[in-house]
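What follows is one structure encoded as structure tokens, with my remarks underneath.
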Amino acid sequence: MTNYLIRRAFTMLVVLLLSSLAIFLILNMAPGGPLDSLRMQNRGRLNQLTQEDYQRLETLLGLNKPVHIRYFTWLLGDDWIETLPTGLIGVDRFGEPYTNGTNTGILRGDWGDSWTVSRGNPVIGVIAGRLPNTLTLMACATLLSLLVAVPIGILSAVKQYSTLDYTATTFSFIGISIPIFWLGLMMIILFGIKFKEWGLPYLPTGGVVSIRGAGAGGIFDRMLHLIMPVTALSLLYMAGWSRFMRTSMLDVLHQDYVRTARAKGLLERIVITKHAFRNALIPLITIVALQLSGLFGGAVLTETVFAYPGMGHLYYNAILRSDWPLVQGYLVILSVVVVVSTLLADVAYVLVDPRIRYE
């Protein structure tokens, strides 16, 4: 197991390195840039920025360097340029030599400064302020989805073609079909606005904590703000995971070892929980691990609809305002979530199925 984890750690580093290269190149090849909105705002103004002004801005942001130099600067820091021969560096398109900044690179914890969303503040600090909110949302949504989906999937398989099975199937189709942004808006209108108009207890429609009032910022206040976004984010995965659990459980219940356990006179509850359930979990573990990154990315819509100050909302604002360092930081974290979730799935296989060994 130790050798396997070492090999996986090395593979994860290679994957993350290639992911960072893809993220950087795609963002730099995309149309538009951080200065495009400034150029549009500058049109028609009396005191327009000159070409020299744009040159200083590009030099300040490091955009005057070729894309390959910008990538290694972002990854390793500005001081790596000093190790290259002068002929390999060249000059920028204005004929000026490249300046050596103070960035030390993401590998040393310097992810640069935000350009527009939180201008001048370190990206790592901006992300650190939002990441706990997204992790809380993801953890609650994942836990709720599993607590509901797994029992429903088991009961639907055990009581196949019953009223419960048909009801769960209908619920799954509805949950898969409803767009999350539409569901979020309907929940805000009903539970946040209409309930308040009708004089009923209502839920907060956005944010993490209340600005004022008794108990603002407490645990209960935070839980109230989580109810609607967690429910909206959970329904899609709850519906899909219950169907996966049902299909996997049906396949296991028809295996020979399950029939043998029943023939030995074991109680049906023991047959299901001890013999069938663990093997039926293996496909679900794969699906959940692959969709953890989807939960992280799906929070973009959920957090935007509910104005929830998390990573998804931050990413949305960074895209709109061409804040490349923040966008790159979000996508790098998403890559880390993907590779770590796949590793956790492999480890979970060993815990669930004793037949699996990584030697």
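Chains: A, B, ... in order of the structure tokens. Residues: from 1 per chain. Ligands: from 1, in order shown.
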**Request:** Excluding Arg8 of chain A and residues on its chain fewer than 6 positions from it, collect all residues at most 12 Å away from it, counting only C-alpha atoms, and give them as number ranges by chain.
**Result:** A: 1-2, 14-15, 339-340, 342-344, 346-347, 358
**Message:** What's around Leu75 of chain A at 7 Å? Count only C-alpha atoms, leave out sequence neighbours fewer than 2 positions away in its own chain, and write the answer as number ranges by chain.
**Reply:** A: 71-73, 77, 105-107
Go ahead and dump the residues you just picked, N, CA and C atoms, as a PDB file, in the first residue's frame.
```pdb
ATOM      1  N   TYR A  71       4.433  31.760 -18.204  1.00  0.00           N
ATOM      2  CA  TYR A  71       4.044  30.530 -17.509  1.00  0.00           C
ATOM      3  C   TYR A  71       5.081  30.135 -16.465  1.00  0.00           C
ATOM      4  N   PHE A  72       6.336  30.108 -16.864  1.00  0.00           N
ATOM      5  CA  PHE A  72       7.370  29.707 -15.902  1.00  0.00           C
ATOM      6  C   PHE A  72       7.535  30.747 -14.803  1.00  0.00           C
ATOM      7  N   THR A  73       7.254  32.009 -15.120  1.00  0.00           N
ATOM      8  CA  THR A  73       7.280  33.027 -14.071  1.00  0.00           C
ATOM      9  C   THR A  73       6.155  32.796 -13.081  1.00  0.00           C
ATOM     10  N   GLY A  77       8.410  31.717 -10.405  1.00  0.00           N
ATOM     11  CA  GLY A  77       8.797  33.016  -9.892  1.00  0.00           C
ATOM     12  C   GLY A  77       9.610  33.811 -10.891  1.00  0.00           C
ATOM     13  N   GLY A 105       6.339  32.678  -7.461  1.00  0.00           N
ATOM     14  CA  GLY A 105       5.751  31.512  -8.102  1.00  0.00           C
ATOM     15  C   GLY A 105       4.785  30.750  -7.216  1.00  0.00           C
ATOM     16  N   ILE A 106       3.844  30.058  -7.863  1.00  0.00           N
ATOM     17  CA  ILE A 106       2.819  29.334  -7.108  1.00  0.00           C
ATOM     18  C   ILE A 106       3.403  28.140  -6.358  1.00  0.00           C
ATOM     19  N   LEU A 107       4.510  27.580  -6.858  1.00  0.00           N
ATOM     20  CA  LEU A 107       5.111  26.451  -6.148  1.00  0.00           C
ATOM     21  C   LEU A 107       5.674  26.864  -4.805  1.00  0.00           C
TER      22      LEU A 107
END
```
**Message:** Report, in Å to a single decimal, how far apart atom CA of Arg246 of chain A and atom CA of Leu155 of chain A are.
**Reply:** 7.9 Å
Under the rule of at most 12 Å, produce a per-residue listing of segment 156-247 of chain A near segment 298-306 of chain A: chain, number, name, the closest pair of atoms, and the distance in Å, as a Markdown table, using only C-alpha atoms.
```
| residue | atom | partner | partner_atom | distance |
| --- | --- | --- | --- | --- |
| A:Pro179 | CA | A:Leu301 | CA | 9.9 |
| A:Ile180 | CA | A:Thr302 | CA | 7.0 |
| A:Phe181 | CA | A:Leu301 | CA | 6.2 |
| A:Trp182 | CA | A:Val305 | CA | 9.0 |
| A:Leu183 | CA | A:Thr302 | CA | 9.6 |
| A:Gly184 | CA | A:Val305 | CA | 6.4 |
| A:Leu185 | CA | A:Val305 | CA | 6.9 |
| A:Met186 | CA | A:Val305 | CA | 10.5 |
| A:Met187 | CA | A:Phe306 | CA | 9.8 |
| A:Ile188 | CA | A:Phe306 | CA | 8.0 |
| A:Ile189 | CA | A:Phe306 | CA | 11.4 |
| A:Gly192 | CA | A:Phe306 | CA | 10.8 |
| A:Leu203 | CA | A:Phe306 | CA | 11.5 |
| A:Pro204 | CA | A:Phe306 | CA | 9.3 |
| A:Thr205 | CA | A:Phe306 | CA | 6.2 |
| A:Gly206 | CA | A:Phe306 | CA | 4.7 |
| A:Gly207 | CA | A:Phe306 | CA | 7.0 |
| A:Val208 | CA | A:Phe306 | CA | 9.6 |
| A:His225 | CA | A:Phe306 | CA | 9.3 |
| A:Leu226 | CA | A:Phe306 | CA | 9.7 |
| A:Ile227 | CA | A:Phe306 | CA | 10.9 |
| A:Met228 | CA | A:Phe306 | CA | 8.2 |
| A:Pro229 | CA | A:Thr302 | CA | 6.2 |
| A:Val230 | CA | A:Thr302 | CA | 8.7 |
| A:Thr231 | CA | A:Thr302 | CA | 10.1 |
| A:Ala232 | CA | A:Thr302 | CA | 7.3 |
| A:Leu233 | CA | A:Thr302 | CA | 6.6 |
| A:Ser234 | CA | A:Gly298 | CA | 10.4 |
| A:Leu235 | CA | A:Thr302 | CA | 11.8 |
| A:Leu236 | CA | A:Gly298 | CA | 10.2 |
| A:Tyr237 | CA | A:Gly298 | CA | 10.5 |
```
**Prompt:** Quick one: DSSP alpha helix (DSSP H) residues in segment 52-258 of chain A, as an NGL selection string?
**Reply:** :A and (52-61 or 67-76 or 86-89 or 123-158 or 163-177 or 180-187 or 195-197 or 219-253 or 256-258)
